[in-house]
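Participant: A single structure is presented below for examination.
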Amino acid sequence: MKKLLIVVLMLTTLLTGCAAAKKETTLKVLVSADYPPYESYDVNGNLVGFDIDFGNALAAKLGVKFEWVDTSFDGILGAIQANTGDMAISGMHISAEREAATDMSIAYKKDAESGSAFTVYALASNGWTTIADLNGKIGSTQLGTVQESALNMMKTEYNLTLDIRNKFDVIVQDILLGRIDFMVADKAAGDEFITQYPQLASFPLNYPGLDAISGIGVVMPTGSTWVSKVNAAITAMQADGSLQTMITKWFPGE
């Protein structure tokens, strides 16, 4: 009888442990891992970057596990709208257009300076310093970004030919080869290319309406129950200084 009782207790403990393990929530988080210092792969194939550090800290705050899913940037919003992802953490600027299509968190990173999300990169030998220098040129940026929206806003006024691509590194190579005249990117990410290719130079893109886009947020499906929890976690990380530590690590001087 005692042996039977012991067996029953062992089975009960085992089943309770399995039930507890099953309760761990795993969220599918979309990221386009081609945008250092926000997100990229290291030489060992591991995801690294500011967004990855932030996301892992966010998961800990929420008490969940994140399953990172590398996704083409231009497909992220559609995937979130279709509920095939729980969140997207991929250097996505908060904009009225995105907030109308999804739910976005409060900003977990503000732009270091007004308009820094819109910085022009071109060959330094051109000597371009203002938006007027772009008139009649071939411009590019990554598909699905707020920078693409900016170029579309300017297209007619500045007689631009747009050649939008999926990846910034491909755009940079075409600038170096003379196939594209310039690209627009977030300053933090674009400056990584200047470090690699000193042939490039940059200047801020000053165009009406762009200052309304500021800060980077987490994207979630409309009506997501995680919005308030994510906002509370971001607020807590701002208050305890851990978020600023991550920002300083990946964006020295900010």
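Here, A, B, ... name the chains of the structure tokens in the order displayed, residue numbers run from 1 inside each chain, and ligands are numbered from 1 in the same displayed order.
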Could you pull out all residues of region 108-139 of chain A with a DSSP call of strand (DSSP E) and give them as a list in words?

Facilitator: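 Matching residues, listed in order: Thr119, Val120, Tyr121, Ala122, Leu123, Ile138 and Gly139 of chain A.
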
Participant: Could you write out, as a compact mmCIF listing (two decimals) with C-alpha atoms, in the first residue's frame, all the residues of region 40-126 of chain A that DSSP marks as helix (DSSP H, G or I)?

Facilitator:
```txt
# COMPACT_ATOMS: atom_id res chain seq x y z
CA PHE A 50 19.99 46.79 -29.40
CA ASP A 51 16.55 45.42 -30.27
CA ILE A 52 17.64 41.90 -29.33
CA ASP A 53 18.94 43.03 -25.94
CA PHE A 54 15.79 45.08 -25.38
CA GLY A 55 13.54 42.23 -26.49
CA ASN A 56 15.19 39.69 -24.21
CA ALA A 57 14.89 42.11 -21.28
CA LEU A 58 11.25 42.74 -22.19
CA ALA A 59 10.52 39.01 -22.26
CA ALA A 60 11.99 38.69 -18.76
CA LYS A 61 9.82 41.57 -17.54
CA LEU A 62 6.72 39.99 -19.06
CA PHE A 73 10.97 43.96 -43.20
CA ASP A 74 8.31 44.71 -45.79
CA GLY A 75 6.34 41.67 -44.63
CA ILE A 76 6.30 42.47 -40.91
CA LEU A 77 3.23 44.71 -40.76
CA GLY A 78 1.18 42.31 -42.88
CA ALA A 79 2.19 39.41 -40.66
CA ILE A 80 1.20 41.32 -37.52
CA GLN A 81 -2.13 42.30 -39.07
CA ALA A 96 0.24 57.57 -37.73
CA GLU A 97 0.08 55.10 -40.63
CA ARG A 98 1.40 52.22 -38.55
CA GLU A 99 -0.76 53.10 -35.54
CA ALA A 100 -3.83 53.03 -37.78
CA ALA A 101 -3.00 49.50 -38.97
CA ALA A 124 31.06 61.98 -50.43
CA SER A 125 32.54 63.06 -53.76
CA ASN A 126 29.14 64.51 -54.72
```

Participant: Nearest to Asp111 (chain A) among A:Ile164, A:Ala201, A:Ala132, A:Met92, with distances taken over only C-alpha atoms: which residue is it?

Facilitator: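 Closest to Asp111 (chain A), using only C-alpha atoms: A:Met92.
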
Participant: Just the residues within 12 Å of Phe193 (chain A), please, counting only C-alpha atoms, with nothing from its chain fewer than 3 positions along; format it as a PyMOL selection string.

Facilitator: chain A and resi 35-37+120-123+168-173+175-176+183+185-190+196-202

Participant: Would you mind exporting C-alpha atoms of the selected residues as a short mmCIF file (atom, residue, chain, number, x, y, z; two decimals), in the first residue's frame?

Facilitator:
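So result_6.cif came out as:
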```
data_model
loop_
_atom_site.label_atom_id
_atom_site.label_comp_id
_atom_site.auth_asym_id
_atom_site.auth_seq_id
_atom_site.Cartn_x
_atom_site.Cartn_y
_atom_site.Cartn_z
CA TYR A 35 19.86 46.49 -39.69
CA PRO A 36 22.82 46.92 -37.31
CA PRO A 37 23.13 48.18 -34.63
CA VAL A 120 20.60 61.00 -46.58
CA TYR A 121 23.61 58.86 -47.58
CA ALA A 122 25.44 59.34 -50.87
CA LEU A 123 28.97 59.41 -52.26
CA PHE A 168 20.15 48.40 -47.06
CA ASP A 169 23.45 46.65 -47.73
CA VAL A 170 22.36 46.00 -51.32
CA ILE A 171 21.44 49.68 -51.70
CA VAL A 172 24.84 50.77 -50.40
CA GLN A 173 26.63 48.58 -52.93
CA ILE A 175 25.44 53.60 -54.54
CA LEU A 176 29.13 52.69 -54.63
CA MET A 183 19.47 56.42 -49.83
CA ALA A 185 18.06 55.69 -43.49
CA ASP A 186 17.99 56.04 -39.73
CA LYS A 187 21.21 57.81 -38.75
CA ALA A 188 22.36 55.16 -36.27
CA ALA A 189 22.08 52.39 -38.86
CA GLY A 190 23.33 54.49 -41.77
CA GLN A 196 32.58 50.44 -43.46
CA TYR A 197 32.70 52.66 -46.53
CA PRO A 198 34.38 56.06 -46.00
CA GLN A 199 33.41 56.93 -49.58
CA LEU A 200 29.98 57.78 -48.20
CA ALA A 201 28.81 60.98 -46.53
CA SER A 202 25.52 62.04 -44.98
#
```

Participant: Hey, could you make a per-residue contact list for region 70-188 of chain A against region 213-225 of chain A with 7 Å as the cut-off, showing the nearest pair of atoms and its distance in Å to one decimal, counting only C-alpha atoms, sorted by chain and number, as CSV?

Facilitator:
```
residue,atom,partner,partner_atom,distance
A:Ile80,CA,A:Pro221,CA,5.4
A:Gln81,CA,A:Pro221,CA,5.5
A:Asn83,CA,A:Pro221,CA,6.3
A:Asp86,CA,A:Met220,CA,6.1
A:Met87,CA,A:Met220,CA,4.7
A:Ala88,CA,A:Val219,CA,5.0
A:Ile89,CA,A:Val218,CA,5.3
A:Gly91,CA,A:Ile216,CA,5.9
A:Met92,CA,A:Ile216,CA,5.3
A:His93,CA,A:Ile216,CA,4.2
A:Ile94,CA,A:Ile216,CA,5.6
A:Ser95,CA,A:Ile213,CA,5.4
A:Thr102,CA,A:Thr222,CA,4.7
A:Asp103,CA,A:Thr222,CA,4.9
A:Met104,CA,A:Val219,CA,4.6
A:Ser105,CA,A:Val218,CA,5.2
A:Ile106,CA,A:Gly217,CA,5.9
A:Ala107,CA,A:Gly217,CA,4.6
A:Tyr108,CA,A:Gly217,CA,5.8
A:Lys109,CA,A:Ile216,CA,5.3
A:Lys110,CA,A:Gly215,CA,4.1
A:Asp111,CA,A:Gly215,CA,5.4
```

Participant: Please indicate the distance in Å from CA of Lys65 (chain A) to CA of Lys28 (chain A), rounded to one decimal place.

Facilitator: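 Calculated distance between CA of Lys65 (chain A) and CA of Lys28 (chain A) is 8.7 Å.
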
Participant: Please provide as a VMD selection string all residues within 12 Å of Gly139 (chain A), with the sequence filter that same-chain residues fewer than 2 positions apart are discarded (counting only C-alpha atoms).

Facilitator: chain A and resid 120 to 122 131 133 to 137 141 to 142 147 to 148 150 to 152 154 to 155 158 to 165 171 to 172 174 to 175 178 to 185

Participant: CA of Thr156 (chain A) and CA of Thr119 (chain A), how far apart in Å?

Facilitator: 19.3 Å

Participant: Provide the CA of Ser32 (chain A) to CA of Tyr207 (chain A) distance in Å, to one decimal place.

Facilitator: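 Atom-to-atom, CA of Ser32 (chain A) to CA of Tyr207 (chain A), that is 27.0 Å.
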
Participant: Please determine, counting only C-alpha atoms, which residue among A:Asp42, A:Ser140, A:Phe203, A:Thr245 has the shortest atom-to-atom distance to Gly127 (chain A).

Facilitator: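 Smallest distance to Gly127 (chain A) is found for A:Phe203.
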